[in-house]
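Source file: work.cif. Holds: mmCIF, C-alpha atoms.
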```
data_start
loop_
_atom_site.label_atom_id
_atom_site.label_comp_id
_atom_site.auth_asym_id
_atom_site.auth_seq_id
_atom_site.Cartn_x
_atom_site.Cartn_y
_atom_site.Cartn_z
CA MET Y 114 104.66 156.38 58.78
CA ASP Y 115 103.80 158.88 56.10
CA LYS Y 116 102.83 156.46 53.36
CA PHE Y 117 103.09 159.16 50.71
CA LEU Y 118 106.85 159.17 51.20
CA PHE Y 119 107.25 155.71 49.73
CA ASN Y 120 104.57 156.10 47.03
CA ASP Y 121 107.02 158.00 44.81
CA TYR Y 122 109.58 155.21 44.93
CA ARG Y 123 109.58 152.02 42.93
CA ALA Y 124 110.66 149.97 45.90
CA ASN Y 125 108.41 146.94 45.52
CA ASP Y 126 111.44 144.66 45.39
CA ILE Y 127 112.49 145.98 48.79
CA PHE Y 128 108.98 145.60 50.19
CA ASP Y 129 108.77 142.07 48.79
CA GLU Y 130 111.99 141.03 50.48
CA PHE Y 131 111.83 142.95 53.76
CA THR Y 132 108.11 143.85 53.96
CA GLU Y 133 106.74 147.35 53.94
CA GLU Y 134 106.10 147.09 57.68
CA LYS Y 135 109.78 146.49 58.43
CA VAL Y 136 110.81 149.45 56.27
CA ALA Y 137 108.16 151.60 57.98
CA GLU Y 138 109.35 150.51 61.43
CA ARG Y 139 112.92 151.53 60.61
CA TYR Y 140 111.72 154.88 59.24
CA GLU Y 141 109.59 155.57 62.33
CA LEU Y 142 112.42 154.63 64.69
CA LEU Y 143 114.91 156.92 62.99
CA PHE Y 144 112.38 159.75 62.74
CA LYS Y 145 111.55 159.53 66.45
CA GLU Y 146 115.20 159.24 67.51
CA THR Y 147 116.36 162.20 65.43
CA THR Y 148 113.40 164.33 66.50
CA LEU Y 149 114.08 163.48 70.14
CA PHE Y 150 117.77 164.31 69.73
CA ILE Y 151 116.91 167.70 68.25
CA LYS Y 152 114.46 168.44 71.07
CA GLU Y 153 116.72 167.26 73.91
CA ASN Y 154 119.56 169.44 72.61
CA ASN Y 155 117.34 172.51 72.13
CA LEU Y 156 117.97 172.60 68.39
CA GLU Y 157 114.38 173.04 67.20
CA ASN Y 158 115.18 176.50 65.78
CA LYS Y 159 118.35 175.26 64.08
CA ALA Y 160 117.62 171.75 62.81
CA SER Y 161 114.78 169.61 61.54
CA VAL Y 162 114.23 166.20 59.99
CA ASN Y 163 113.51 166.20 56.27
CA LYS Y 164 111.09 163.31 55.79
CA ARG Y 165 111.92 162.76 52.11
CA ILE Y 166 115.65 162.60 52.78
CA LEU Y 167 115.06 160.24 55.69
CA ALA Y 168 112.95 158.01 53.41
CA ASP Y 169 115.84 157.97 50.91
CA VAL Y 170 118.26 157.00 53.66
CA VAL Y 171 116.06 154.17 54.91
CA LEU Y 172 115.49 152.76 51.42
CA ASP Y 173 119.22 153.04 50.65
CA TYR Y 174 119.95 151.05 53.79
CA PHE Y 175 117.62 148.25 52.68
CA TYR Y 176 118.97 148.30 49.10
CA ASP Y 177 122.52 148.01 50.47
CA THR Y 178 121.45 145.13 52.69
CA LYS Y 179 119.85 143.40 49.71
CA ILE Y 180 122.99 143.87 47.58
CA LYS Y 181 125.19 142.47 50.34
CA LYS Y 182 122.94 139.43 50.68
CA PHE Y 183 123.05 138.88 46.92
CA SER Y 184 126.82 139.22 46.61
CA CYS Y 185 127.66 136.81 49.42
#
```
Could you write out this file's structure as structure tokens?
Amino acid sequence: MDKFLFNDYRANDIFDEFTEEKVAERYELLFKETTLFIKENNLENKASVNKRILADVVLDYFYDTKIKKFSC
């Protein structure tokens, strides 16, 4: 994972609860899957994966999961 992506975020509470490794694994999986999808569908000249936006999406997922755990 590109560690710099998560350096700009104050996500220590997420890393404390889910571990940085788990967040990184989810990021890597989504990055690989989307990149593969783009390649397999010959979309390299039309689409790309924005790493910062993907990092936002992954962190949002974990924040939502944390909120759901807290509210139950």
**Prompt:** Between atom CA of Y:Glu130 and atom CA of Y:Phe175, what is the spacing in Å?
**Reply:**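 For atom CA of Y:Phe175 relative to atom CA of Y:Glu130, the distance reads 9.4 Å.
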**Request:** Name the residues captured by the PyMOL selection byres ((chain Y and resi 135-142) around 10) when it is applied to the shown file; answer as a list in words.
**Result:** Met114, Asp115, Lys116, Phe119, Ile127, Phe128, Glu130, Phe131, Thr132, Glu133, Glu134, Leu143, Phe144, Lys145, Glu146, Thr147, Thr148, Lys164, Leu167, Ala168, Asp169, Val170, Val171, Leu172, Tyr174 and Phe175 of chain Y
**Prompt:** Hey, which of Y:Arg165, Y:Lys159, Y:Lys152, Y:Lys179 ends up closest to Y:Asp126? Count only C-alpha atoms.
**Reply:**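 That would be Y:Lys179, the residue with the smallest distance to Y:Asp126.
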**Message:** Report, in Å with one decimal, the straight-line distance from atom CA of Y:Lys182 to atom CA of Y:Ile166.
**Reply:**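 According to the coordinates, atom CA of Y:Lys182 and atom CA of Y:Ile166 are separated by 24.4 Å.
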**Request:** Would you work out the distance separating atom CA of Y:Ala124 from atom CA of Y:Asp173, expressed in Å to one decimal?
**Result:**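 A separation of 10.3 Å between them.
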As an mmCIF file, keeping the file's coordinate frame, please: stretch 128-140 of chain Y completed to N, CA and C atoms.
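Dumped everything to rebuild.cif:
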```
data_model
loop_
_atom_site.group_PDB
_atom_site.id
_atom_site.type_symbol
_atom_site.label_atom_id
_atom_site.label_comp_id
_atom_site.auth_asym_id
_atom_site.auth_seq_id
_atom_site.Cartn_x
_atom_site.Cartn_y
_atom_site.Cartn_z
ATOM 1 N N PHE Y 128 110.138 145.976 49.376
ATOM 2 C CA PHE Y 128 108.980 145.600 50.190
ATOM 3 C C PHE Y 128 108.699 144.098 50.102
ATOM 4 N N ASP Y 129 108.969 143.514 48.937
ATOM 5 C CA ASP Y 129 108.770 142.070 48.790
ATOM 6 C C ASP Y 129 109.743 141.283 49.650
ATOM 7 N N GLU Y 130 110.974 141.765 49.720
ATOM 8 C CA GLU Y 130 111.990 141.030 50.480
ATOM 9 C C GLU Y 130 111.942 141.308 51.973
ATOM 10 N N PHE Y 131 111.757 142.568 52.350
ATOM 11 C CA PHE Y 131 111.830 142.950 53.760
ATOM 12 C C PHE Y 131 110.481 143.311 54.370
ATOM 13 N N THR Y 132 109.465 143.413 53.623
ATOM 14 C CA THR Y 132 108.110 143.850 53.960
ATOM 15 C C THR Y 132 108.051 145.369 54.192
ATOM 16 N N GLU Y 133 106.953 145.912 53.788
ATOM 17 C CA GLU Y 133 106.740 147.350 53.940
ATOM 18 C C GLU Y 133 106.692 147.728 55.425
ATOM 19 N N GLU Y 134 106.182 146.827 56.249
ATOM 20 C CA GLU Y 134 106.100 147.090 57.680
ATOM 21 C C GLU Y 134 107.488 147.251 58.302
ATOM 22 N N LYS Y 135 108.432 146.404 57.889
ATOM 23 C CA LYS Y 135 109.780 146.490 58.430
ATOM 24 C C LYS Y 135 110.455 147.797 58.010
ATOM 25 N N VAL Y 136 110.265 148.189 56.758
ATOM 26 C CA VAL Y 136 110.810 149.450 56.270
ATOM 27 C C VAL Y 136 110.179 150.612 57.048
ATOM 28 N N ALA Y 137 108.871 150.548 57.241
ATOM 29 C CA ALA Y 137 108.160 151.600 57.980
ATOM 30 C C ALA Y 137 108.629 151.672 59.426
ATOM 31 N N GLU Y 138 108.854 150.518 60.039
ATOM 32 C CA GLU Y 138 109.350 150.510 61.430
ATOM 33 C C GLU Y 138 110.707 151.199 61.533
ATOM 34 N N ARG Y 139 111.588 150.911 60.586
ATOM 35 C CA ARG Y 139 112.920 151.530 60.610
ATOM 36 C C ARG Y 139 112.807 153.040 60.417
ATOM 37 N N TYR Y 140 111.938 153.455 59.489
ATOM 38 C CA TYR Y 140 111.720 154.880 59.240
ATOM 39 C C TYR Y 140 111.203 155.562 60.509
#
```
